[in-house]
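**Q** Got coords-v7.txt for you, compact mmCIF, C-alpha atoms:
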# COMPACT_ATOMS: atom_id res chain seq x y z
CA MET S 1 -0.14 -41.74 -31.16
CA GLN S 2 1.55 -41.09 -27.83
CA THR S 3 4.58 -43.05 -26.69
CA LYS S 4 4.26 -44.69 -23.29
CA CYS S 5 7.10 -45.09 -20.85
CA GLY S 6 6.58 -46.98 -17.62
CA GLY S 7 2.80 -46.60 -17.76
CA PHE S 8 2.91 -42.79 -18.14
CA THR S 9 2.65 -40.85 -21.34
CA TRP S 10 5.45 -38.35 -21.94
CA VAL S 11 2.95 -35.57 -21.31
CA GLY S 12 1.93 -37.05 -17.97
CA ARG S 13 5.53 -37.66 -16.94
CA SER S 14 6.52 -34.09 -17.86
CA LEU S 15 3.63 -32.72 -15.83
CA ALA S 16 4.60 -34.85 -12.82
CA VAL S 17 8.24 -33.69 -13.04
CA ALA S 18 7.21 -30.03 -13.36
CA THR S 19 4.81 -30.31 -10.41
CA GLY S 20 7.48 -31.99 -8.28
CA ALA S 21 10.01 -29.27 -9.13
CA LEU S 22 7.51 -26.55 -8.22
CA LEU S 23 6.68 -28.21 -4.90
CA ALA S 24 10.37 -28.69 -4.10
CA ALA S 25 11.04 -25.02 -4.84
CA GLY S 26 8.23 -24.09 -2.47
CA LEU S 27 9.75 -26.18 0.30
CA ILE S 28 13.25 -24.84 -0.28
CA ALA S 29 12.34 -21.15 -0.74
CA PRO S 30 8.73 -20.50 0.33
CA THR S 31 9.25 -16.76 0.73
CA ALA S 32 10.34 -16.48 -2.88
CA MET S 33 7.09 -18.10 -3.98
CA ALA S 34 4.91 -15.90 -1.75
CA GLN S 35 5.46 -12.74 -3.73
CA SER S 36 3.07 -9.89 -3.14
CA GLY S 37 2.53 -8.72 -6.70
CA PRO S 38 2.84 -9.47 -10.42
CA VAL S 39 5.79 -11.58 -11.52
CA GLY S 40 8.08 -11.16 -14.52
CA GLY S 41 7.10 -7.65 -15.53
CA GLU S 42 3.36 -8.38 -15.65
CA LYS S 43 1.18 -5.34 -15.22
CA CYS S 44 -1.03 -5.17 -12.13
CA LYS S 45 -4.72 -5.67 -12.96
CA SER S 46 -7.01 -4.54 -10.18
CA ALA S 47 -10.45 -3.03 -9.79
CA ARG S 48 -11.51 -0.11 -7.66
CA THR S 49 -12.69 -1.40 -4.30
CA ILE S 50 -13.62 0.18 -0.99
CA SER S 51 -14.33 -1.18 2.48
CA SER S 52 -15.48 0.72 5.56
CA GLU S 53 -16.02 0.25 9.28
CA VAL S 54 -17.79 2.60 11.71
CA LYS S 55 -17.42 2.64 15.49
CA ASP S 56 -18.65 4.97 18.22
CA PHE S 57 -16.39 4.56 21.24
CA GLY S 58 -18.09 7.27 23.31
CA ASN S 59 -14.81 9.11 23.92
CA PHE S 60 -14.94 10.99 20.61
CA ASN S 61 -17.26 11.32 17.63
CA PRO S 62 -18.14 8.19 15.64
CA THR S 63 -15.20 7.20 13.49
CA GLU S 64 -15.42 5.72 10.01
CA ILE S 65 -12.31 4.15 8.51
CA HIS S 66 -12.22 3.54 4.75
CA VAL S 67 -9.70 1.47 2.77
CA ALA S 68 -9.80 1.86 -1.00
CA THR S 69 -7.84 0.44 -3.93
CA ASN S 70 -7.37 1.82 -7.41
CA THR S 71 -6.91 0.10 -10.78
CA LYS S 72 -3.10 0.21 -10.36
CA GLY S 73 -3.28 -1.94 -7.21
CA ASP S 74 -2.47 0.85 -4.74
CA ALA S 75 -4.29 0.94 -1.39
CA TYR S 76 -5.28 4.04 0.59
CA LEU S 77 -6.72 4.67 4.06
CA ASN S 78 -9.08 7.49 5.07
CA ASP S 79 -10.10 8.45 8.61
CA SER S 80 -13.46 10.28 8.68
CA ARG S 81 -12.09 12.61 11.34
CA ASN S 82 -9.69 13.90 8.67
CA PRO S 83 -12.07 14.48 5.70
CA GLY S 84 -10.58 14.27 2.22
CA VAL S 85 -7.20 12.93 3.37
CA TRP S 86 -6.32 9.55 1.86
CA VAL S 87 -3.00 8.07 3.00
CA ASN S 88 -1.16 5.73 0.64
CA LEU S 89 -0.58 2.50 2.57
CA ASP S 90 2.74 1.98 0.75
CA SER S 91 4.29 4.01 3.57
CA ILE S 92 3.65 1.08 5.96
CA ALA S 93 6.23 -1.73 6.03
CA GLY S 94 5.20 -4.92 4.26
CA THR S 95 2.40 -3.41 2.15
CA PRO S 96 1.86 -5.81 -0.78
CA SER S 97 2.00 -4.61 -4.34
CA CYS S 98 -0.95 -5.09 -6.69
CA VAL S 99 -3.73 -5.05 -4.09
CA VAL S 100 -6.97 -6.49 -5.50
CA GLY S 101 -9.16 -6.37 -2.38
CA SER S 102 -9.37 -4.98 1.13
CA SER S 103 -11.23 -5.20 4.39
CA VAL S 104 -11.17 -3.15 7.57
CA GLY S 105 -12.38 -3.85 11.10
CA ILE S 106 -12.21 -2.02 14.41
CA ASP S 107 -11.80 -3.68 17.79
CA GLU S 108 -13.23 -1.84 20.79
CA SER S 109 -10.74 -2.82 23.46
CA PRO S 110 -8.01 -1.98 22.77
CA GLU S 111 -9.06 0.40 20.02
CA ASP S 112 -7.27 -1.21 17.10
CA VAL S 113 -7.97 -0.99 13.38
CA TYR S 114 -7.36 -4.22 11.45
CA VAL S 115 -6.52 -3.55 7.79
CA THR S 116 -6.38 -6.60 5.50
CA LEU S 117 -5.14 -6.33 1.92
CA LEU S 118 -5.43 -9.11 -0.66
CA ALA S 119 -2.55 -9.22 -3.15
CA SER S 120 -3.04 -10.41 -6.72
CA THR S 121 -1.07 -13.54 -5.77
CA GLY S 122 -3.91 -14.62 -3.44
CA VAL S 123 -1.98 -13.90 -0.23
CA ALA S 124 -3.73 -11.74 2.38
CA TYR S 125 -1.68 -9.29 4.45
CA GLU S 126 -2.83 -7.71 7.72
CA ALA S 127 -1.71 -4.71 9.76
CA VAL S 128 -3.01 -3.68 13.18
CA CYS S 129 -3.08 0.08 13.74
CA ARG S 130 -3.78 1.72 17.11
CA LEU S 131 -6.71 4.15 16.97
CA THR S 132 -6.32 7.25 19.16
CA ALA S 133 -8.05 10.61 19.50
CA THR S 134 -5.74 11.91 16.75
CA PRO S 135 -7.00 11.17 13.22
CA PHE S 136 -4.81 9.02 10.97
CA ASP S 137 -2.71 10.97 8.47
CA ALA S 138 0.61 10.55 6.65
CA SER S 139 2.56 11.81 9.67
CA ASN S 140 1.27 9.26 12.21
CA LEU S 141 0.00 6.20 10.33
CA VAL S 142 3.36 4.38 10.17
CA ALA S 143 3.85 4.67 13.95
CA ALA S 144 0.21 3.72 14.62
CA CYS S 145 0.60 0.52 12.56
CA GLY S 146 3.64 -0.78 14.46
CA THR S 147 5.35 -3.62 12.62
CA GLY S 148 3.24 -3.08 9.48
CA PHE S 149 1.72 -5.69 7.18
CA ALA S 150 2.44 -9.40 7.55
CA PRO S 151 1.10 -12.33 5.52
CA VAL S 152 -1.93 -13.99 7.06
CA PRO S 153 -0.92 -17.63 7.70
CA GLY S 154 -2.65 -20.22 5.55
CA THR S 155 -3.83 -17.99 2.71
CA PRO S 156 -3.37 -19.60 -0.71
CA VAL S 157 -0.29 -18.85 -2.78
Go through the file and emit its structure as structure tokens.
**A**
Amino acid sequence: MQTKCGGFTWVGRSLAVATGALLAAGLIAPTAMAQSGPVGGEKCKSARTISSEVKDFGNFNPTEIHVATNTKGDAYLNDSRNPGVWVNLDSIAGTPSCVVGSSVGIDESPEDVYVTLLASTGVAYEAVCRLTATPFDASNLVAACGTGFAPVPGTPV
């Protein structure tokens, strides 16, 4: 038999208090709640994924950009003009940890590559990287991606 207090059971009241505390923490410190990876020593659980986009701009050979993730939650980018070279996206500022999904898109004017990474927390992060005649590699990707990854507003936390 449950004891009632003010119309709520103790279980219901405890749940309401816990929910209120969590919401208050989110209002006070939202950046602390929007972590990019596992919390409290949890191990990242991800699957292998790959996404690709192909564009022919007419000023050089068709370009295919691939973004892949591994089971450790790392994300890599490959530019088809640089076969076999996969650049770890951790070198770019703001790259989330424990990436569980990715997408890539190319805009024709200006020639930008949009890389979106989904963290295990449910927050999506996006970086815009300028595509030039020089293939992406470890030496130029950071500069090409400017300010790096930033959370996409409105994604669930």
**Q** Using only C-alpha atoms, pick whichever of S:Leu117, S:Ser103, S:Ala47, S:Ile92 has the shortest atom-to-atom distance to S:Lys72.
**A**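 Answer, going by the shortest atom-to-atom distance: S:Ala47.
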**Q** Mind pulling up the distance from atom CA of S:Gly101 to atom CA of S:Arg130?
**A** 21.8 Å
**Q** Considering all atoms listed in the file, return as an NGL selection string whatever protein or nucleic-acid residues lie within 9 Å of S:Lys55, sequence-local ones (same chain, fewer than 4 positions apart) excluded.
**A** :S and (61-65 or 106-108)
**Q** Which of these residues is nearest to S:Val123, using all atoms listed in the file: S:Val99, S:Val104, S:Ala138, S:Ala75?
**A**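 Looking at the shortest contact to S:Val123, the residue is S:Val99.
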**Q** Would you pick out the contacts of stretch 132-137 of chain S at 10 Å or less, using only C-alpha atoms, so that residues sharing its chain but fewer than 2 positions from it are not included, and give the list as a PyMOL selection string?
**A** chain S and resi 59-61+63+65+77-83+85-88+111-112+129-130+139-142+144
**Q** In Å, with one decimal, what is the gap from atom CA of S:Leu131 to atom CA of S:Cys98?
**A**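 Answer for the atom CA of S:Leu131 to atom CA of S:Cys98 separation: 26.0 Å.
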**Q** For atom CA of S:Pro151 and atom CA of S:Gly122, quote the distance in Å rounded to one decimal.
**A**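 Atom CA of S:Pro151 sits 10.5 Å away from atom CA of S:Gly122.
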**Q** Please return as a ChimeraX atom specification every residue within 9 Å of (-5.3, -7.5, -10.2), taking into account all atoms listed in the file and the file's own coordinates.
**A** /S:37-38,43-47,71-73,98-101,119-121
**Q** Could you write out that same residue set with C-alpha atoms as a short mmCIF file (atom, residue, chain, number, x, y, z; two decimals), in the frame of the given file?
**A**
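This is the output file again_15.cif:
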data_model
loop_
_atom_site.label_atom_id
_atom_site.label_comp_id
_atom_site.auth_asym_id
_atom_site.auth_seq_id
_atom_site.Cartn_x
_atom_site.Cartn_y
_atom_site.Cartn_z
CA GLY S 37 2.53 -8.72 -6.70
CA PRO S 38 2.84 -9.47 -10.42
CA LYS S 43 1.18 -5.34 -15.22
CA CYS S 44 -1.03 -5.17 -12.13
CA LYS S 45 -4.72 -5.67 -12.96
CA SER S 46 -7.01 -4.54 -10.18
CA ALA S 47 -10.45 -3.03 -9.79
CA THR S 71 -6.91 0.10 -10.78
CA LYS S 72 -3.10 0.21 -10.36
CA GLY S 73 -3.28 -1.94 -7.21
CA CYS S 98 -0.95 -5.09 -6.69
CA VAL S 99 -3.73 -5.05 -4.09
CA VAL S 100 -6.97 -6.49 -5.50
CA GLY S 101 -9.16 -6.37 -2.38
CA ALA S 119 -2.55 -9.22 -3.15
CA SER S 120 -3.04 -10.41 -6.72
CA THR S 121 -1.07 -13.54 -5.77
#
**Q** Hey, which of S:Phe149, S:Asp90, S:Gly84, S:Ser97 ends up closest to S:Ala127? Count only C-alpha atoms.
**A**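 Between S:Phe149, S:Asp90, S:Gly84, S:Ser97, the residue approaching S:Ala127 most closely is S:Phe149.
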